[in-house]
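**Q** Submitted below is the structure of interest, expressed as structure tokens.
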Amino acid sequence: MSVEEFSGPDSRAYQKLIRHTLTDRLFHWGTAASVLILLGTAFFPIMGWEFAWVSIHWISGIVLTLLIAFHIVRASFWQDIYSMWVSFEDLKNGIDLARWNLRLSEAPPRTAGKYSLAQKLIHYLFTLVVGITIVTGCLMLVKIDTSWWERDPYWLQEGTWGIIYVLHDFGALLLITMLMAHVYFALRPEKLHFTRSMIFGWITRVEYEKHHDPSQWRVDTD
Amino acid sequence: MELFRISRNVWGQEILQGMSWDLLPVFFGAGAAFIICHMIYRWLFAPKDEVDDEC
């Protein structure tokens with residue numbers, strides 16, 4: 001992990017510790033842009049804003065598919081895939097957090113590793129929902145004409161297409177709710193350091209020590 | 001409120017076309033309701049010590 005220092009008396013406290021590399025940030029914002037374009041091209045015409053949405057929609061879908069494929073390969077072979085793994089310790093911390101929030105316990109829960117249990121769970125939920133929309137969307141590509149293939153509406157039976165449409169639509173609708181919650185948490189004052197790290201890449205050492213357990217997420221220092 | 005969009009094929013059989021778009025405000029409203037409930041909870045009821053409890 002890269003480290004950059006500020007100059008000044010509090011230089012150690014305000015060391016910049018890289019939480020997200022440039023590649024990860026480009027992936028995140030690329031994914032965000034394609035999902036927003038997909039949702040816009042899906043729902044604006046339904047809401048009455050008529051425009052030629054089909055080509056923009058399927059091309060954005062292919063871009064999203066390629067981005068996700070890139071992320072799966074990168075996370076599997078070049079990154080610490082276990083940083084997103086839900087461990088027994090995560091579950092225990094989750095229970096402690098719930099008890100603390102419900103005032104059943106006075107002891108605040110332990111801090112998490114790089115990602116909290118909630119962040120891991122929302123990642124899994126996005127994986128599931130985006131995965132469903134990608135798989136069904138790729139199947140639906142068969143029903144449109146492109147430069148590379150001609151449409152074949154009879155490739156599957158009507159009933160099967162119906163199920164594919166329902167899954168695709170349900171995933172898209174659910175993404176609206178999930179994105180609203182995701183953006184809300186990103187804009188909450190106590191979460192802004194996470195958002196900043198997804199824009200600029202870094203958190204300060206103070207934030208690292210306050211929000212993360214160094215035994216679960218170690219950063220290299222000078 | 002309909003849950004699904006259904007049409008009929010040339011033989012008069014019902015065919016599933018997808019989720020009903022009447023649900024669009026429902027999912028949007030669910031997101032808004034979640035945000036409002038969470039904000040109220042944080043303002044009025046949540047313990048004041050700051051921990052990472054959300055995504």
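Numbering starts fresh at 1 for the residues of each chain in the structure tokens, the chains themselves are lettered A, B, ... in the order given, and ligands are numbered from 1 as they appear.
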Could you please write out, as a PyMOL selection string, every residue of chain B that DSSP assigns to helix (DSSP H, G or I)?

**A** chain B and resi 21-44

**Q** Enumerate, in order of chain and increasing residue number, the residues of chain A with an atom no farther than 6 Å from chain B, each with its shortest atom pair and distance in Å to one decimal, counting only C-alpha atoms, as CSV.

**A**
residue,atom,partner,partner_atom,distance
A:Ala118,CA,B:Cys55,CA,5.2
A:Gln119,CA,B:Cys55,CA,4.3
A:Gly162,CA,B:Leu16,CA,4.5
A:Tyr165,CA,B:Gly18,CA,4.7
A:Val166,CA,B:Gly18,CA,4.2
A:Asp169,CA,B:Met19,CA,5.7
A:Thr177,CA,B:Gly31,CA,4.4
A:Met180,CA,B:Gly31,CA,5.8

**Q** Would you mind exporting N, CA and C atoms of the selected residues as a tab-separated table (two decimals), in the first residue's frame?

**A**
chain	number	residue	atom	x	y	z
A	118	ALA	N	-21.35	-4.39	6.92
A	118	ALA	CA	-22.40	-3.78	6.08
A	118	ALA	C	-21.89	-3.54	4.67
A	119	GLN	N	-20.64	-3.08	4.55
A	119	GLN	CA	-20.07	-2.84	3.22
A	119	GLN	C	-19.93	-4.15	2.45
A	162	GLY	N	-40.39	-14.48	-20.72
A	162	GLY	CA	-41.14	-13.76	-19.69
A	162	GLY	C	-40.41	-13.76	-18.36
A	165	TYR	N	-37.42	-11.45	-18.61
A	165	TYR	CA	-37.83	-10.04	-18.50
A	165	TYR	C	-38.13	-9.66	-17.05
A	166	VAL	N	-38.85	-10.55	-16.35
A	166	VAL	CA	-39.21	-10.25	-14.95
A	166	VAL	C	-37.94	-10.09	-14.10
A	169	ASP	N	-36.18	-6.80	-15.09
A	169	ASP	CA	-36.92	-5.64	-14.59
A	169	ASP	C	-36.81	-5.52	-13.07
A	177	THR	N	-33.56	1.45	-5.60
A	177	THR	CA	-33.58	1.52	-4.14
A	177	THR	C	-32.16	1.39	-3.57
A	180	MET	N	-30.02	4.52	-4.21
A	180	MET	CA	-30.42	5.62	-3.33
A	180	MET	C	-29.78	5.45	-1.94

**Q** Please indicate the distance in Å from CA of Ala98 in chain A to CA of Leu121 in chain A, rounded to one decimal place.

**A**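 These atoms are spaced 14.8 Å apart.
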
**Q** Of the candidates A:Met140, A:Leu26, A:Ala107, A:Val135, which shows the shortest atom-to-atom distance to His71 in chain A, using only C-alpha atoms?

**A**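 Closest residue, counting only C-alpha atoms: A:Leu26.
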
**Q** Hey, can you check how far CA of Gly159 in chain A sits from CA of Val129 in chain A?

**A**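 Taking CA of Gly159 in chain A as the start and CA of Val129 in chain A as the end point, the length is 21.6 Å.
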